[in-house]
$ cat work.txt   # compact mmCIF, C-alpha atoms
# COMPACT_ATOMS: atom_id res chain seq x y z
CA MET A 1 96.43 79.91 81.28
CA ARG A 2 100.16 79.57 81.98
CA CYS A 3 99.95 77.92 85.39
CA ARG A 4 98.48 74.84 86.98
CA LEU A 5 96.37 74.72 90.12
CA LYS A 6 96.07 71.79 92.51
CA LEU A 7 93.62 71.52 95.36
CA LEU A 8 94.44 69.55 98.46
CA MET A 9 91.33 67.89 99.92
CA ILE A 10 89.35 68.62 96.75
CA LEU A 11 89.65 66.44 93.66
CA SER A 12 88.61 68.93 91.00
CA LEU A 13 90.63 71.90 89.80
CA LEU A 14 89.66 75.26 91.22
CA PRO A 15 87.65 77.31 88.70
CA LEU A 16 88.05 81.07 88.44
CA GLY A 17 84.56 81.51 89.90
CA VAL A 18 85.32 79.40 92.97
CA LYS A 19 82.56 79.34 95.56
CA ALA A 20 83.11 79.31 99.31
CA GLN A 21 81.50 75.94 99.88
CA GLN A 22 83.81 74.32 97.36
CA ALA A 23 87.01 75.51 98.97
CA ALA A 24 86.39 75.06 102.69
CA ASP A 25 89.48 73.81 104.55
CA SER A 26 91.49 73.74 101.32
CA ILE A 27 94.94 74.70 100.14
CA VAL A 28 95.40 75.76 96.54
CA ILE A 29 98.79 74.98 95.01
CA VAL A 30 99.72 77.27 92.11
CA GLU A 31 102.46 76.05 89.78
CA LEU A 32 104.06 78.39 87.26
CA ARG A 33 105.51 77.28 83.95
CA GLY A 34 109.07 77.90 85.14
CA GLY A 35 108.66 75.47 88.04
CA SER A 36 107.89 77.80 90.94
CA ARG A 37 104.99 76.78 93.13
CA PHE A 38 103.25 78.35 96.07
CA GLU A 39 100.30 77.56 98.35
CA MET A 40 97.23 79.65 99.04
CA VAL A 41 95.13 78.88 102.14
CA TRP A 42 91.37 79.35 102.20
CA VAL A 43 90.18 81.78 104.90
CA ALA A 44 86.46 81.79 105.60
CA GLY A 45 85.33 85.33 106.34
CA GLY A 46 83.79 86.48 109.60
CA ASP A 47 83.79 89.00 112.42
CA PHE A 48 86.67 89.75 114.76
CA VAL A 49 87.93 92.42 117.14
CA MET A 50 90.79 94.26 115.43
CA GLY A 51 93.47 96.22 117.26
CA SER A 52 94.27 96.35 120.98
CA ASN A 53 93.14 98.60 123.80
CA ALA A 54 96.10 97.35 125.85
CA ALA A 55 98.45 99.10 123.42
CA ARG A 56 97.11 102.58 124.25
CA GLY A 57 99.76 104.97 125.53
CA VAL A 58 102.66 102.50 125.37
CA LYS A 59 104.63 104.08 122.52
CA VAL A 60 103.68 105.91 119.35
CA HIS A 61 104.19 102.77 117.28
CA TYR A 62 102.07 100.52 119.48
CA ASP A 63 99.51 103.20 120.30
CA ALA A 64 98.54 103.06 116.62
CA SER A 65 96.80 99.73 117.38
CA TYR A 66 94.19 101.50 119.54
CA PRO A 67 91.21 101.32 119.77
CA GLU A 68 89.79 97.82 119.46
CA HIS A 69 86.94 97.78 116.96
CA LEU A 70 84.66 95.21 115.35
CA VAL A 71 85.51 94.29 111.76
CA GLN A 72 83.94 91.91 109.26
CA VAL A 73 85.87 90.52 106.30
CA ASP A 74 84.74 88.39 103.36
CA ASP A 75 86.28 85.08 102.26
CA PHE A 76 89.74 85.13 100.69
CA PHE A 77 92.83 83.03 100.04
CA ILE A 78 96.14 84.04 101.64
CA GLY A 79 99.67 82.78 101.07
CA ARG A 80 100.68 79.94 103.35
CA PHE A 81 104.21 81.35 103.23
CA GLU A 82 105.80 84.71 102.59
CA VAL A 83 106.73 85.28 98.94
CA THR A 84 110.07 83.60 98.34
CA GLN A 85 113.04 84.77 96.34
CA GLY A 86 112.51 81.92 93.87
CA LEU A 87 108.94 82.97 93.11
CA TRP A 88 109.90 86.64 92.89
CA ARG A 89 112.69 85.87 90.42
CA GLU A 90 110.43 83.83 88.14
CA VAL A 91 107.82 86.61 88.00
CA MET A 92 110.04 89.71 88.08
CA GLY A 93 113.29 88.42 86.58
CA ASP A 94 115.55 89.64 89.40
CA ASN A 95 116.29 89.19 93.10
CA PRO A 96 116.72 92.41 95.09
CA SER A 97 117.21 90.65 98.44
CA LYS A 98 120.14 91.29 100.78
CA PHE A 99 120.14 87.77 102.20
CA GLN A 100 120.52 85.28 99.34
CA GLY A 101 121.77 81.74 98.77
CA ASN A 102 118.46 79.87 99.09
CA ASP A 103 115.40 80.38 96.91
CA SER A 104 113.18 79.52 99.89
CA LEU A 105 114.27 82.62 101.77
CA PRO A 106 111.65 85.40 101.78
CA VAL A 107 112.18 88.12 99.24
CA GLU A 108 113.09 91.45 100.87
CA GLN A 109 114.35 94.90 99.94
CA ILE A 110 111.20 95.41 97.89
CA THR A 111 109.13 98.56 97.87
CA TRP A 112 105.35 98.60 98.23
CA GLU A 113 105.23 99.78 94.62
CA GLU A 114 107.30 96.79 93.47
CA ALA A 115 105.09 94.46 95.49
CA GLN A 116 102.08 95.90 93.65
CA GLN A 117 103.80 95.36 90.31
CA PHE A 118 104.54 91.76 91.31
CA THR A 119 100.86 91.04 92.00
CA VAL A 120 99.83 92.55 88.67
CA LEU A 121 102.35 90.45 86.70
CA LEU A 122 101.46 87.29 88.62
CA SER A 123 97.77 87.86 87.91
CA GLN A 124 98.53 88.27 84.21
CA MET A 125 100.61 85.06 84.21
CA THR A 126 97.95 82.95 85.91
CA GLY A 127 94.58 84.50 85.10
CA TYR A 128 93.78 84.68 88.82
CA ARG A 129 93.47 87.88 90.82
CA PHE A 130 96.37 88.32 93.22
CA ARG A 131 96.98 91.37 95.39
CA LEU A 132 98.37 92.51 98.71
CA PRO A 133 96.21 91.76 101.76
CA THR A 134 94.29 94.56 103.35
CA GLU A 135 95.39 95.28 106.89
CA ALA A 136 92.14 93.80 108.22
CA GLU A 137 92.55 90.60 106.17
CA TRP A 138 96.12 90.24 107.38
CA GLU A 139 95.18 90.59 111.05
CA PHE A 140 92.16 88.29 110.70
CA ALA A 141 94.38 85.60 109.14
CA ALA A 142 97.14 86.13 111.72
CA ARG A 143 94.62 85.69 114.52
CA GLY A 144 93.53 82.37 113.00
CA GLY A 145 90.34 83.60 111.37
CA MET A 146 87.26 81.99 112.88
CA ARG A 147 89.53 79.47 114.63
CA SER A 148 91.23 82.19 116.66
CA LYS A 149 92.28 81.50 120.23
CA VAL A 150 92.57 85.27 120.82
CA LEU A 151 96.31 85.05 121.40
CA PRO A 152 98.66 88.05 121.26
CA PHE A 153 100.83 86.33 118.64
CA ALA A 154 99.91 84.26 115.58
CA GLY A 155 99.19 80.82 117.02
CA CYS A 156 101.10 81.20 120.27
CA THR A 157 101.75 83.04 123.52
CA ARG A 158 104.85 84.94 124.56
CA LYS A 159 106.19 81.83 126.30
CA THR A 160 106.18 79.79 123.09
CA LEU A 161 107.07 82.60 120.66
CA ASP A 162 110.54 81.20 119.89
CA ASP A 163 108.87 78.16 118.30
CA TYR A 164 106.72 80.33 116.01
CA CYS A 165 108.83 83.36 115.17
CA TRP A 166 112.21 84.48 113.84
CA TYR A 167 112.88 87.69 115.75
CA CYS A 168 115.74 89.46 117.56
CA VAL A 169 116.11 86.69 120.15
CA ASN A 170 116.73 83.77 117.78
CA SER A 171 117.25 85.03 114.19
CA ASP A 172 121.01 85.71 114.41
CA GLY A 173 120.38 88.95 112.50
CA HIS A 174 119.09 87.58 109.20
CA THR A 175 116.06 86.08 107.48
CA HIS A 176 115.37 82.36 107.46
CA GLN A 177 113.79 79.90 105.03
CA VAL A 178 110.00 80.29 105.02
CA GLY A 179 108.09 77.71 107.04
CA GLY A 180 110.92 77.07 109.49
CA ARG A 181 108.84 77.82 112.59
CA GLU A 182 105.42 76.55 113.71
CA PRO A 183 102.23 77.71 111.90
CA ASN A 184 99.15 79.37 113.39
CA GLU A 185 95.65 77.85 113.57
CA LEU A 186 95.11 78.30 109.81
CA GLY A 187 98.41 76.68 108.89
CA LEU A 188 100.05 80.01 108.01
CA TYR A 189 103.79 80.34 108.60
CA ASP A 190 105.89 83.35 109.62
CA MET A 191 102.97 85.60 110.46
CA ASN A 192 105.24 86.49 113.38
CA GLY A 193 108.67 87.79 112.41
CA ASN A 194 111.09 86.88 109.58
CA VAL A 195 110.11 89.83 107.35
CA SER A 196 107.49 92.52 107.88
CA GLU A 197 104.80 92.21 105.23
CA TRP A 198 103.41 95.01 103.08
CA CYS A 199 99.65 95.52 103.21
CA PHE A 200 97.46 97.43 100.78
CA ASP A 201 96.37 100.19 103.17
CA TRP A 202 97.66 103.66 103.80
CA VAL A 203 98.32 103.94 107.52
CA GLY A 204 95.81 105.94 109.53
CA GLU A 205 94.09 106.13 112.90
CA TYR A 206 91.54 103.47 113.68
CA SER A 207 87.88 104.33 114.08
CA PRO A 208 86.01 102.72 117.02
CA ASP A 209 83.00 102.09 114.75
CA PRO A 210 82.24 98.63 113.27
CA GLN A 211 83.54 98.22 109.73
CA LEU A 212 83.00 95.94 106.74
CA ASN A 213 86.07 95.04 104.66
CA PRO A 214 88.01 98.21 105.58
CA ARG A 215 90.74 99.30 103.18
CA GLY A 216 92.28 102.16 105.15
CA PRO A 217 92.35 105.88 104.33
CA LYS A 218 91.94 107.01 100.73
CA ARG A 219 95.32 108.73 100.77
CA GLY A 220 98.39 109.05 102.93
CA ASP A 221 102.17 109.16 103.13
CA SER A 222 103.02 105.62 104.24
CA ARG A 223 101.72 102.10 103.66
CA VAL A 224 101.13 99.57 106.42
CA LEU A 225 103.56 96.79 107.32
CA ARG A 226 102.54 93.89 109.55
CA GLY A 227 104.00 90.98 111.52
CA GLY A 228 107.37 92.23 112.70
CA HIS A 229 110.70 90.99 111.34
CA TYR A 230 113.90 89.17 112.25
CA ASN A 231 115.26 92.17 114.20
CA SER A 232 111.97 92.99 115.98
CA ILE A 233 111.44 92.76 119.71
CA SER A 234 108.57 90.49 120.75
CA SER A 235 105.99 93.25 121.20
CA ALA A 236 106.46 94.30 117.55
CA CYS A 237 105.52 90.78 116.42
CA THR A 238 102.02 90.74 117.91
CA VAL A 239 98.97 90.23 115.68
CA TYR A 240 97.85 93.81 116.32
CA ASP A 241 101.12 95.76 116.05
CA ARG A 242 101.31 98.15 113.09
CA GLY A 243 104.35 99.34 111.21
CA TRP A 244 104.54 101.62 108.17
CA TYR A 245 106.92 103.02 105.58
CA VAL A 246 106.81 105.15 102.45
CA PRO A 247 105.66 103.08 99.44
CA SER A 248 108.82 103.90 97.46
CA GLY A 249 111.12 102.85 100.31
CA LYS A 250 112.87 99.51 100.52
CA CYS A 251 114.63 97.72 103.35
CA GLU A 252 115.98 94.23 104.04
CA LEU A 253 113.36 93.97 106.82
CA TYR A 254 110.37 94.21 104.45
CA GLY A 255 108.76 91.56 102.25
CA MET A 256 105.25 90.46 101.29
CA ARG A 257 102.52 87.81 101.36
CA LEU A 258 99.89 87.25 98.68
CA VAL A 259 96.11 87.29 98.74
CA MET A 260 94.05 85.66 95.98
CA GLU A 261 90.54 86.97 95.54
CA VAL A 262 87.42 84.82 95.53
CA GLU A 263 84.81 85.65 92.91
CA LYS A 264 81.49 86.54 94.54
CA ASP A 265 78.34 84.51 93.89
CA TYR A 266 76.27 87.67 93.38
$ encode --input "work.txt" --output "structure tokens"
Amino acid sequence: MRCRLKLLMILSLLPLGVKAQQAADSIVIVELRGGSRFEMVWVAGGDFVMGSNAARGVKVHYDASYPEHLVQVDDFFIGRFEVTQGLWREVMGDNPSKFQGNDSLPVEQITWEEAQQFTVLLSQMTGYRFRLPTEAEWEFAARGGMRSKVLPFAGCTRKTLDDYCWYCVNSDGHTHQVGGREPNELGLYDMNGNVSEWCFDWVGEYSPDPQLNPRGPKRGDSRVLRGGHYNSISSACTVYDRGWYVPSGKCELYGMRLVMEVEKDY
């Protein structure tokens, strides 16, 4: 094991076979040998209404959020912050980002394929299973999980968005250090704006039927991006808005957030 884990609110170290009852309301701090550290927030699984009926017929991009449908997700850990340039450099050995000068800036100009490679290498370095979030996991976490206030943005309304989000109104046309705005109900930062975050799924139309741990279509042309970015208008930063891009494409608007899997008790 080439990393060290710390648990806030729990005295013992987190074992690989962590159980849900052990990790409730916890933050796992992962420290790599080179000095990088990052925080993973426990998200208790549950049911939620994914998507938005209000988005129907607005524009092609927003219409993709229709229809609302019931989804259930299992427990997981998700990154408290977007992956930073410092963490990316320690794992991958380079920094592809356009906006540099601070290791706490989110990494950007990464393809979906490179993001996948990052999770594989990080898993090998730590012995824990990291991956990209599914689109359903991302939206559940953005909405605050089981603590959700059913708000259109992660943790806030349109009136208070400037306090929670780096977007076209306040970003000055560039990314900002992660954690610089207010967090949502789960303590997750930058779920609105800063950089759009790659998800695992191929993009596809939603089904109105209830779903359990959906992972998107089996094939496609583009992968999902969530959360909006520093140049987005407010409506593109909602918890339900969906973006997408080819998995081999890169852009200074696109970054990533980690998920760490929880080993099942069955």
$ closest_atom_pairs --input "work.txt" --of "segment 101-152 of chain A" --to "segment 201-222 of chain A" --cutoff "10 Å" --atoms "all atoms listed in the file" --output "CSV"
residue,atom,partner,partner_atom,distance
A:Trp112,CA,A:Ser222,CA,9.5
A:Leu132,CA,A:Asp201,CA,9.1
A:Pro133,CA,A:Asp201,CA,8.5
A:Thr134,CA,A:Arg215,CA,5.9
A:Glu135,CA,A:Asp201,CA,6.2
A:Ala136,CA,A:Pro214,CA,6.6
A:Glu137,CA,A:Asn213,CA,8.0
$ closest_residue --input "work.txt" --among "A:Gln100, A:Thr111, A:Thr126, A:Thr84" --to "Gly179 of chain A" --atoms "only C-alpha atoms"
A:Thr84
$ residues_around --input "work.txt" --residues "Ile78 of chain A" --least-positions-apart "4" --cutoff "6 Å" --atoms "only C-alpha atoms" --output "VMD selection string"
chain A and resid 40 to 41 258 to 259
$ closest_residue --input "work.txt" --among "A:Leu253, A:Asp103, A:Phe81, A:Ser235" --to "Arg181 of chain A" --atoms "all atoms listed in the file"
A:Phe81
$ atom_distance --input "work.txt" --atom1 "atom CA of Val150 of chain A" --atom2 "atom CA of Val195 of chain A"
22.6 Å
$ atom_distance --input "work.txt" --atom1 "atom CA of Ala115 of chain A" --atom2 "atom CA of Ile29 of chain A"
20.5 Å
$ atom_distance --input "work.txt" --atom1 "atom CA of Arg131 of chain A" --atom2 "atom CA of Gly45 of chain A"
17.1 Å
$ residues_around --input "work.txt" --residues "Thr157 of chain A" --least-positions-apart "5" --cutoff "12 Å" --atoms "all atoms listed in the file" --output "number ranges by chain"
A: 143, 149-152, 162-165, 184, 192, 234-235, 237-239
$ residues_near_point --input "work.txt" --point "(82.4, 91.7, 111.9)" --cutoff "7 Å" --atoms "only C-alpha atoms" --output "list of chain:residue names"
A:Gly46, A:Asp47, A:Phe48, A:Leu70, A:Val71, A:Gln72, A:Val73, A:Gln211, A:Leu212
$ closest_residue --input "work.txt" --among "A:Leu87, A:Ile233, A:Ala54, A:Cys199" --to "Phe38 of chain A" --atoms "all atoms listed in the file"
A:Leu87
$ closest_residue --input "work.txt" --among "A:Gly173, A:Gly86, A:Gly227, A:Pro67" --to "Asn53 of chain A" --atoms "all atoms listed in the file"
A:Pro67
$ closest_residue --input "work.txt" --among "A:Asn170, A:Asn231, A:Ser26, A:Ser52" --to "Arg80 of chain A" --atoms "only C-alpha atoms"
A:Ser26
$ residues_near_point --input "work.txt" --point "(102.7, 96.1, 109.1)" --cutoff "8 Å" --atoms "only C-alpha atoms" --output "ChimeraX atom specification"
/A:135,196-199,224-228,241-244
$ closest_residue --input "work.txt" --among "A:Asp94, A:Glu182, A:Glu113, A:Asp74" --to "Ala141 of chain A" --atoms "only C-alpha atoms"
A:Asp74
